[in-house]
$ cat upload02.cif   # mmCIF, C-alpha atoms
data_start
loop_
_atom_site.label_atom_id
_atom_site.label_comp_id
_atom_site.auth_asym_id
_atom_site.auth_seq_id
_atom_site.Cartn_x
_atom_site.Cartn_y
_atom_site.Cartn_z
CA MET V 1 -4.65 94.49 10.04
CA LYS V 2 -5.94 97.13 7.64
CA ILE V 3 -9.66 97.96 7.77
CA GLU V 4 -11.47 99.19 4.66
CA PHE V 5 -15.11 100.20 4.22
CA LEU V 6 -17.11 99.93 1.04
CA THR V 7 -18.42 103.40 0.17
CA ILE V 8 -21.99 102.30 0.81
CA ALA V 9 -21.02 100.96 4.25
CA GLN V 10 -19.49 104.36 5.07
CA LYS V 11 -22.82 105.96 4.13
CA GLU V 12 -24.71 103.52 6.36
CA LEU V 13 -22.41 104.47 9.23
CA ALA V 14 -22.96 108.20 8.64
CA ASP V 15 -26.74 107.71 8.38
CA ALA V 16 -26.83 105.73 11.65
CA VAL V 17 -24.75 108.36 13.45
CA ASP V 18 -27.04 111.14 12.15
CA TRP V 19 -30.15 109.26 13.24
CA TYR V 20 -28.81 108.60 16.75
CA ASN V 21 -27.73 112.24 17.10
CA GLU V 22 -31.30 113.28 16.28
CA GLN V 23 -32.56 111.01 19.07
CA ALA V 24 -30.29 112.40 21.83
CA ASP V 25 -27.26 114.64 22.05
CA GLY V 26 -24.08 112.60 21.97
CA LEU V 27 -25.77 109.30 21.16
CA GLY V 28 -24.19 109.29 17.70
CA ASN V 29 -20.77 109.56 19.33
CA GLU V 30 -21.64 106.62 21.58
CA PHE V 31 -22.55 104.66 18.44
CA ILE V 32 -19.15 105.53 16.92
CA ASP V 33 -17.42 104.43 20.15
CA GLU V 34 -19.21 101.08 20.04
CA MET V 35 -18.38 100.73 16.34
CA ASP V 36 -14.73 101.40 17.16
CA ARG V 37 -14.75 98.65 19.79
CA ALA V 38 -16.23 96.22 17.27
CA ILE V 39 -13.63 97.15 14.65
CA ARG V 40 -10.79 96.71 17.14
CA ARG V 41 -12.19 93.29 18.07
CA ILE V 42 -12.33 92.31 14.39
CA ALA V 43 -8.79 93.56 13.78
CA ALA V 44 -7.45 91.61 16.75
CA TYR V 45 -9.45 88.42 16.12
CA PRO V 46 -10.70 88.52 12.52
CA LYS V 47 -11.99 84.94 12.46
CA SER V 48 -13.75 85.06 15.82
CA CYS V 49 -17.10 86.29 14.54
CA THR V 50 -19.76 84.04 13.07
CA GLU V 51 -19.34 83.10 9.44
CA ILE V 52 -22.68 83.80 7.75
CA GLU V 53 -21.71 83.17 4.12
CA SER V 54 -18.64 81.77 2.49
CA ASP V 55 -15.87 84.28 3.32
CA LEU V 56 -18.29 86.66 5.11
CA ARG V 57 -18.62 87.22 8.84
CA ARG V 58 -20.92 89.17 11.15
CA CYS V 59 -19.78 91.08 14.23
CA ILE V 60 -22.76 92.10 16.35
CA MET V 61 -22.40 95.36 18.23
CA ALA V 62 -22.95 95.18 21.97
CA ARG V 63 -25.25 98.11 22.64
CA PHE V 64 -26.92 98.96 19.34
CA PRO V 65 -28.99 96.73 17.03
CA TYR V 66 -26.33 96.72 14.32
CA ALA V 67 -23.77 94.30 12.95
CA LEU V 68 -20.68 94.78 10.86
CA ILE V 69 -20.71 92.47 7.86
CA TYR V 70 -17.16 91.91 6.69
CA GLY V 71 -14.89 89.80 4.57
CA LEU V 72 -11.22 88.94 4.95
CA GLU V 73 -8.54 89.30 2.29
CA LYS V 74 -5.00 88.38 3.34
CA ASP V 75 -3.98 91.30 5.59
CA ARG V 76 -7.14 93.42 5.38
CA VAL V 77 -10.74 93.45 6.54
CA ILE V 78 -13.38 94.79 4.17
CA ILE V 79 -16.54 96.11 5.84
CA VAL V 80 -19.38 95.35 3.43
CA ALA V 81 -22.27 96.71 5.49
CA ILE V 82 -23.26 98.36 8.76
CA ALA V 83 -26.48 96.37 8.94
CA HIS V 84 -29.42 97.17 11.19
CA LEU V 85 -30.52 93.85 12.67
CA HIS V 86 -34.26 94.62 12.60
CA ARG V 87 -34.53 95.63 8.96
CA ARG V 88 -34.42 93.81 5.65
CA PRO V 89 -32.21 90.78 6.25
CA ARG V 90 -29.42 90.13 3.80
CA TYR V 91 -30.10 93.29 1.75
CA TRP V 92 -26.32 93.69 1.44
CA ILE V 93 -25.80 90.35 -0.34
CA GLU V 94 -25.88 92.05 -3.76
CA ARG V 95 -22.75 94.01 -2.78
CA LEU V 96 -20.60 90.92 -3.01
CA ASP V 97 -20.21 91.06 -6.79
#
$ encode --input "upload02.cif" --output "structure tokens"
Amino acid sequence: MKIEFLTIAQKELADAVDWYNEQADGLGNEFIDEMDRAIRRIAAYPKSCTEIESDLRRCIMARFPYALIYGLEKDRVIIVAIAHLHRRPRYWIERLD
């Protein structure tokens, strides 16, 4: 299954990696590793994560307080947001248009 990121979701990922790298050497890479595990889980079982809106799902990362918000379209997954779980809830909803 093909995985695509909205441009703004890519920026959220880069910002999170930068922030974690500022906290401790290598922590940003650990974040990327955990993100990769979540993406592989989504690719293997795209409908296994909780549906939070019509056609939108949330995959919670195991170690970090983030979730991947994604939608499904035929043979691809579209990552809408890399959402921090302790910040403004549902801020990404406007991206659905």
$ closest_residue --input "upload02.cif" --among "V:Glu73, V:Asp55, V:Glu12, V:Asp25" --to "Trp92 (chain V)" --atoms "all atoms listed in the file"
V:Glu12
$ residues_around --input "upload02.cif" --residues "Gln10 (chain V)" --least-positions-apart "4" --cutoff "9 Å" --atoms "all atoms listed in the file" --output "MDAnalysis selection string"
chainID V and resid 5:6 14:15 79 81:82
$ atom_distance --input "upload02.cif" --atom1 "CA of Ala9 (chain V)" --atom2 "CA of Ile78 (chain V)"
9.8 Å
$ closest_residue --input "upload02.cif" --among "V:Ile8, V:Ala16, V:Ile3, V:Leu72" --to "Ser54 (chain V)" --atoms "only C-alpha atoms"
V:Leu72
$ atom_distance --input "upload02.cif" --atom1 "CA of Glu34 (chain V)" --atom2 "CA of His84 (chain V)"
14.1 Å
$ build_atoms --input "upload02.cif" --residues "region 17-51 of chain V" --atoms "N, CA and C atoms" --output "mmCIF file, keeping the file's coordinate frame"
data_model
loop_
_atom_site.group_PDB
_atom_site.id
_atom_site.type_symbol
_atom_site.label_atom_id
_atom_site.label_comp_id
_atom_site.auth_asym_id
_atom_site.auth_seq_id
_atom_site.Cartn_x
_atom_site.Cartn_y
_atom_site.Cartn_z
ATOM 1 N N VAL V 17 -25.231 107.339 12.514
ATOM 2 C CA VAL V 17 -24.750 108.360 13.450
ATOM 3 C C VAL V 17 -25.703 109.560 13.437
ATOM 4 N N ASP V 18 -26.101 110.014 12.255
ATOM 5 C CA ASP V 18 -27.040 111.140 12.150
ATOM 6 C C ASP V 18 -28.354 110.830 12.864
ATOM 7 N N TRP V 19 -28.881 109.622 12.632
ATOM 8 C CA TRP V 19 -30.150 109.260 13.240
ATOM 9 C C TRP V 19 -30.035 109.243 14.765
ATOM 10 N N TYR V 20 -28.974 108.643 15.295
ATOM 11 C CA TYR V 20 -28.810 108.600 16.750
ATOM 12 C C TYR V 20 -28.592 109.985 17.330
ATOM 13 N N ASN V 21 -27.903 110.859 16.614
ATOM 14 C CA ASN V 21 -27.730 112.240 17.100
ATOM 15 C C ASN V 21 -29.049 112.989 17.143
ATOM 16 N N GLU V 22 -29.973 112.662 16.250
ATOM 17 C CA GLU V 22 -31.300 113.280 16.280
ATOM 18 C C GLU V 22 -32.111 112.789 17.483
ATOM 19 N N GLN V 23 -31.816 111.580 17.955
ATOM 20 C CA GLN V 23 -32.560 111.010 19.070
ATOM 21 C C GLN V 23 -32.120 111.602 20.412
ATOM 22 N N ALA V 24 -30.826 111.842 20.566
ATOM 23 C CA ALA V 24 -30.290 112.400 21.830
ATOM 24 C C ALA V 24 -28.891 112.941 21.565
ATOM 25 N N ASP V 25 -28.584 114.057 22.194
ATOM 26 C CA ASP V 25 -27.260 114.640 22.050
ATOM 27 C C ASP V 25 -26.189 113.639 22.492
ATOM 28 N N GLY V 26 -25.202 113.462 21.642
ATOM 29 C CA GLY V 26 -24.080 112.600 21.970
ATOM 30 C C GLY V 26 -24.290 111.123 21.698
ATOM 31 N N LEU V 27 -25.515 110.721 21.376
ATOM 32 C CA LEU V 27 -25.770 109.300 21.160
ATOM 33 C C LEU V 27 -25.060 108.799 19.898
ATOM 34 N N GLY V 28 -24.937 109.659 18.899
ATOM 35 C CA GLY V 28 -24.190 109.290 17.700
ATOM 36 C C GLY V 28 -22.733 109.010 18.024
ATOM 37 N N ASN V 29 -22.154 109.796 18.914
ATOM 38 C CA ASN V 29 -20.770 109.560 19.330
ATOM 39 C C ASN V 29 -20.645 108.236 20.086
ATOM 40 N N GLU V 30 -21.657 107.895 20.874
ATOM 41 C CA GLU V 30 -21.640 106.620 21.580
ATOM 42 C C GLU V 30 -21.711 105.458 20.577
ATOM 43 N N PHE V 31 -22.479 105.660 19.505
ATOM 44 C CA PHE V 31 -22.550 104.660 18.440
ATOM 45 C C PHE V 31 -21.174 104.479 17.801
ATOM 46 N N ILE V 32 -20.498 105.590 17.509
ATOM 47 C CA ILE V 32 -19.150 105.530 16.920
ATOM 48 C C ILE V 32 -18.184 104.818 17.865
ATOM 49 N N ASP V 33 -18.283 105.107 19.168
ATOM 50 C CA ASP V 33 -17.420 104.430 20.150
ATOM 51 C C ASP V 33 -17.643 102.920 20.128
ATOM 52 N N GLU V 34 -18.895 102.506 20.067
ATOM 53 C CA GLU V 34 -19.210 101.080 20.040
ATOM 54 C C GLU V 34 -18.727 100.459 18.724
ATOM 55 N N MET V 35 -18.872 101.195 17.635
ATOM 56 C CA MET V 35 -18.380 100.730 16.340
ATOM 57 C C MET V 35 -16.858 100.547 16.393
ATOM 58 N N ASP V 36 -16.181 101.489 17.014
ATOM 59 C CA ASP V 36 -14.730 101.400 17.160
ATOM 60 C C ASP V 36 -14.325 100.158 17.946
ATOM 61 N N ARG V 37 -15.043 99.853 19.010
ATOM 62 C CA ARG V 37 -14.750 98.650 19.790
ATOM 63 C C ARG V 37 -14.923 97.392 18.937
ATOM 64 N N ALA V 38 -15.989 97.379 18.132
ATOM 65 C CA ALA V 38 -16.230 96.220 17.270
ATOM 66 C C ALA V 38 -15.123 96.083 16.224
ATOM 67 N N ILE V 39 -14.692 97.184 15.660
ATOM 68 C CA ILE V 39 -13.630 97.150 14.650
ATOM 69 C C ILE V 39 -12.313 96.686 15.274
ATOM 70 N N ARG V 40 -12.009 97.158 16.470
ATOM 71 C CA ARG V 40 -10.790 96.710 17.140
ATOM 72 C C ARG V 40 -10.849 95.214 17.449
ATOM 73 N N ARG V 41 -12.020 94.723 17.811
ATOM 74 C CA ARG V 41 -12.190 93.290 18.070
ATOM 75 C C ARG V 41 -11.967 92.483 16.789
ATOM 76 N N ILE V 42 -12.521 92.983 15.676
ATOM 77 C CA ILE V 42 -12.330 92.310 14.390
ATOM 78 C C ILE V 42 -10.864 92.317 13.993
ATOM 79 N N ALA V 43 -10.207 93.458 14.161
ATOM 80 C CA ALA V 43 -8.790 93.560 13.780
ATOM 81 C C ALA V 43 -7.923 92.616 14.605
ATOM 82 N N ALA V 44 -8.230 92.475 15.873
ATOM 83 C CA ALA V 44 -7.450 91.610 16.750
ATOM 84 C C ALA V 44 -7.743 90.124 16.519
ATOM 85 N N TYR V 45 -9.014 89.812 16.283
ATOM 86 C CA TYR V 45 -9.450 88.420 16.120
ATOM 87 C C TYR V 45 -10.378 88.309 14.907
ATOM 88 N N PRO V 46 -9.851 88.433 13.716
ATOM 89 C CA PRO V 46 -10.700 88.520 12.520
ATOM 90 C C PRO V 46 -11.577 87.306 12.256
ATOM 91 N N LYS V 47 -11.199 86.143 12.714
ATOM 92 C CA LYS V 47 -11.990 84.940 12.460
ATOM 93 C C LYS V 47 -12.878 84.546 13.632
ATOM 94 N N SER V 48 -12.985 85.411 14.625
ATOM 95 C CA SER V 48 -13.750 85.060 15.820
ATOM 96 C C SER V 48 -15.250 85.245 15.669
ATOM 97 N N CYS V 49 -15.665 86.029 14.719
ATOM 98 C CA CYS V 49 -17.100 86.290 14.540
ATOM 99 C C CYS V 49 -17.726 85.208 13.660
ATOM 100 N N THR V 50 -19.022 85.075 13.772
ATOM 101 C CA THR V 50 -19.760 84.040 13.070
ATOM 102 C C THR V 50 -19.658 84.190 11.564
ATOM 103 N N GLU V 51 -19.341 83.100 10.898
ATOM 104 C CA GLU V 51 -19.340 83.100 9.440
ATOM 105 C C GLU V 51 -20.778 82.900 8.976
#
